[in-house]
Amino acid sequence: MALATIVAVRGSTYRRPGARLLVPQEGAPIGNISGGCLEGDVADMARVVMDEGTARLAGWDLTADDDAVWGLGLGCNGAIEVFIEPAEQAALVAGALRTALEDDRPICVITVIESEDASVEPGARIVVRPGAQAEPDGSLGSASLDEEAVAAARDLLAAERSEVRTLIGGVRAFIEVLEPPLRLLVCGAGHDAIPLTRAAAGLGWNAIVVDDRAGFLTAERYPHAGGFVHVDAPELTAKTTPIDAHTFAVVMTHNFLRDKEYLRSLLGSPAAYIGMLGPAARTERLLMELRDEGVTITDEDRGRIHGPSGLDLGAEGPEEIAQSIVAEIVAVKRARGGGFLKERPGPIHDRPAPGTEARMTGDGLRRLSG
């Protein structure tokens, strides 16, 4: 097999850095790195990589606005760089992904994609974990290069961003932050929580259902849930459930007193998002009663609270409401407003910083190497 990874883009592209395509020697590729226009070409090059056993950096420039490009059926108008390597060389990435899943925290993988230094080979890697005391795994070839790469990795871990950087010695590396699945706490095991866990699972999120009624927390009732937490009382949620700054929570018991206690507990946690089902007036009454009971509610807390939860889609019924909630969580995580894309003044995706985008020029379809 060979693994193809987008490492840099420029202009409009369907997928962003970190998207992968696994190409087996026989059979269909797994995953996608474009809307279908490049997979065949990438798979052909991946088979060359398998035969040679050597990694390659390839590029496609689709920025020309002429019939030669659009006649190929290409739906984007951007440039893309793809790093293709033998599967055995990419084994460290698989291990890093597993670590991110098991530890439930982000890690960073630094991969050399080009090098002017003959002693540093494309495909050399270091894995960096959060925390100043965590020792990196692997080496790029020299202590000074490793030191610079690790420092860059820690910067990007803090920024939760992946990008290509040029390091000392003309070494160009893809510094990729791998995040664990988003953790969604669904507080309240009612019937309308079922489609929410299903929608979350469809995005690869880890949906954990929380309730003080143990009989409701079953795999038969919630086949798509990633886990269950039985609390003795809703106000104990933050003490018994793993909640960090990357946790998103939705309170949906339909019981005013239960909702108040879940909200009380979540306000004392670092959860990034607190969604409240029901009208805005109900959420305001909940907050008013909590303030009267001595709970401090800051402006920052108000920024985390989304009540009613979800985007304004005119959603009706549990399935549509679940979709609107999931859409709002995506918007919050990406720091977007959730409006119509046709009204967005800039590009759909944030543009890479200068010097980190794909390095390609020229018209039409062009391969950088190979």
# chains A, B, ... in the order shown; residues from 1 in each chain; ligands from 1
>>> select_by_dssp(residues="region 190-346 of chain A", states="alpha helix (DSSP H)", output="number ranges by chain")
A: 193-202, 237-240, 256-267, 280-292, 299-304, 317-333
>>> residues_around(residues="Thr111 (chain A)", least_positions_apart="3", cutoff="12 Å", atoms="only C-alpha atoms", output="PyMOL selection string")
chain A and resi 5-7+18+55+57+83-85+89-90+92-93+108+114-115+120-128+138-141+146+149-150+153+162-167+171-177
>>> select_by_dssp(residues="region 55-143 of chain A", states="strand (DSSP E)", output="PyMOL selection string")
chain A and resi 56-61+77-86+107-115+125-128+137-138
>>> closest_residue(among="A:Val109, A:Leu185, A:Asp51, A:Ala143", to="Leu156 (chain A)", atoms="only C-alpha atoms")
A:Val109
>>> closest_residue(among="A:Pro270, A:Gly169, A:Pro318, A:Pro223", to="Thr241 (chain A)", atoms="only C-alpha atoms")
A:Pro270
>>> residues_around(residues="Asp41 (chain A)", least_positions_apart="5", cutoff="12 Å", atoms="only C-alpha atoms", output="VMD selection string")
chain A and resid 4 21 23 29 33 to 34 36 46 to 48 58 to 60 82 84 365 to 367
>>> residues_around(residues="region 312-315 of chain A", least_positions_apart="5", cutoff="7 Å", atoms="only C-alpha atoms", output="PDB file with N, CA, C and O atoms, in the first residue's frame")
ATOM      1  N   GLU A 320     -34.244  16.967  12.355  1.00  0.00           N
ATOM      2  CA  GLU A 320     -33.785  18.254  11.841  1.00  0.00           C
ATOM      3  C   GLU A 320     -33.139  19.089  12.940  1.00  0.00           C
ATOM      4  O   GLU A 320     -32.145  19.783  12.700  1.00  0.00           O
ATOM      5  N   ILE A 321     -33.704  19.031  14.138  1.00  0.00           N
ATOM      6  CA  ILE A 321     -33.122  19.783  15.254  1.00  0.00           C
ATOM      7  C   ILE A 321     -31.716  19.271  15.554  1.00  0.00           C
ATOM      8  O   ILE A 321     -30.789  20.048  15.808  1.00  0.00           O
ATOM      9  N   SER A 324     -29.372  20.769  13.104  1.00  0.00           N
ATOM     10  CA  SER A 324     -29.090  22.188  13.345  1.00  0.00           C
ATOM     11  C   SER A 324     -28.112  22.359  14.506  1.00  0.00           C
ATOM     12  O   SER A 324     -27.260  23.259  14.486  1.00  0.00           O
TER      13      SER A 324
END
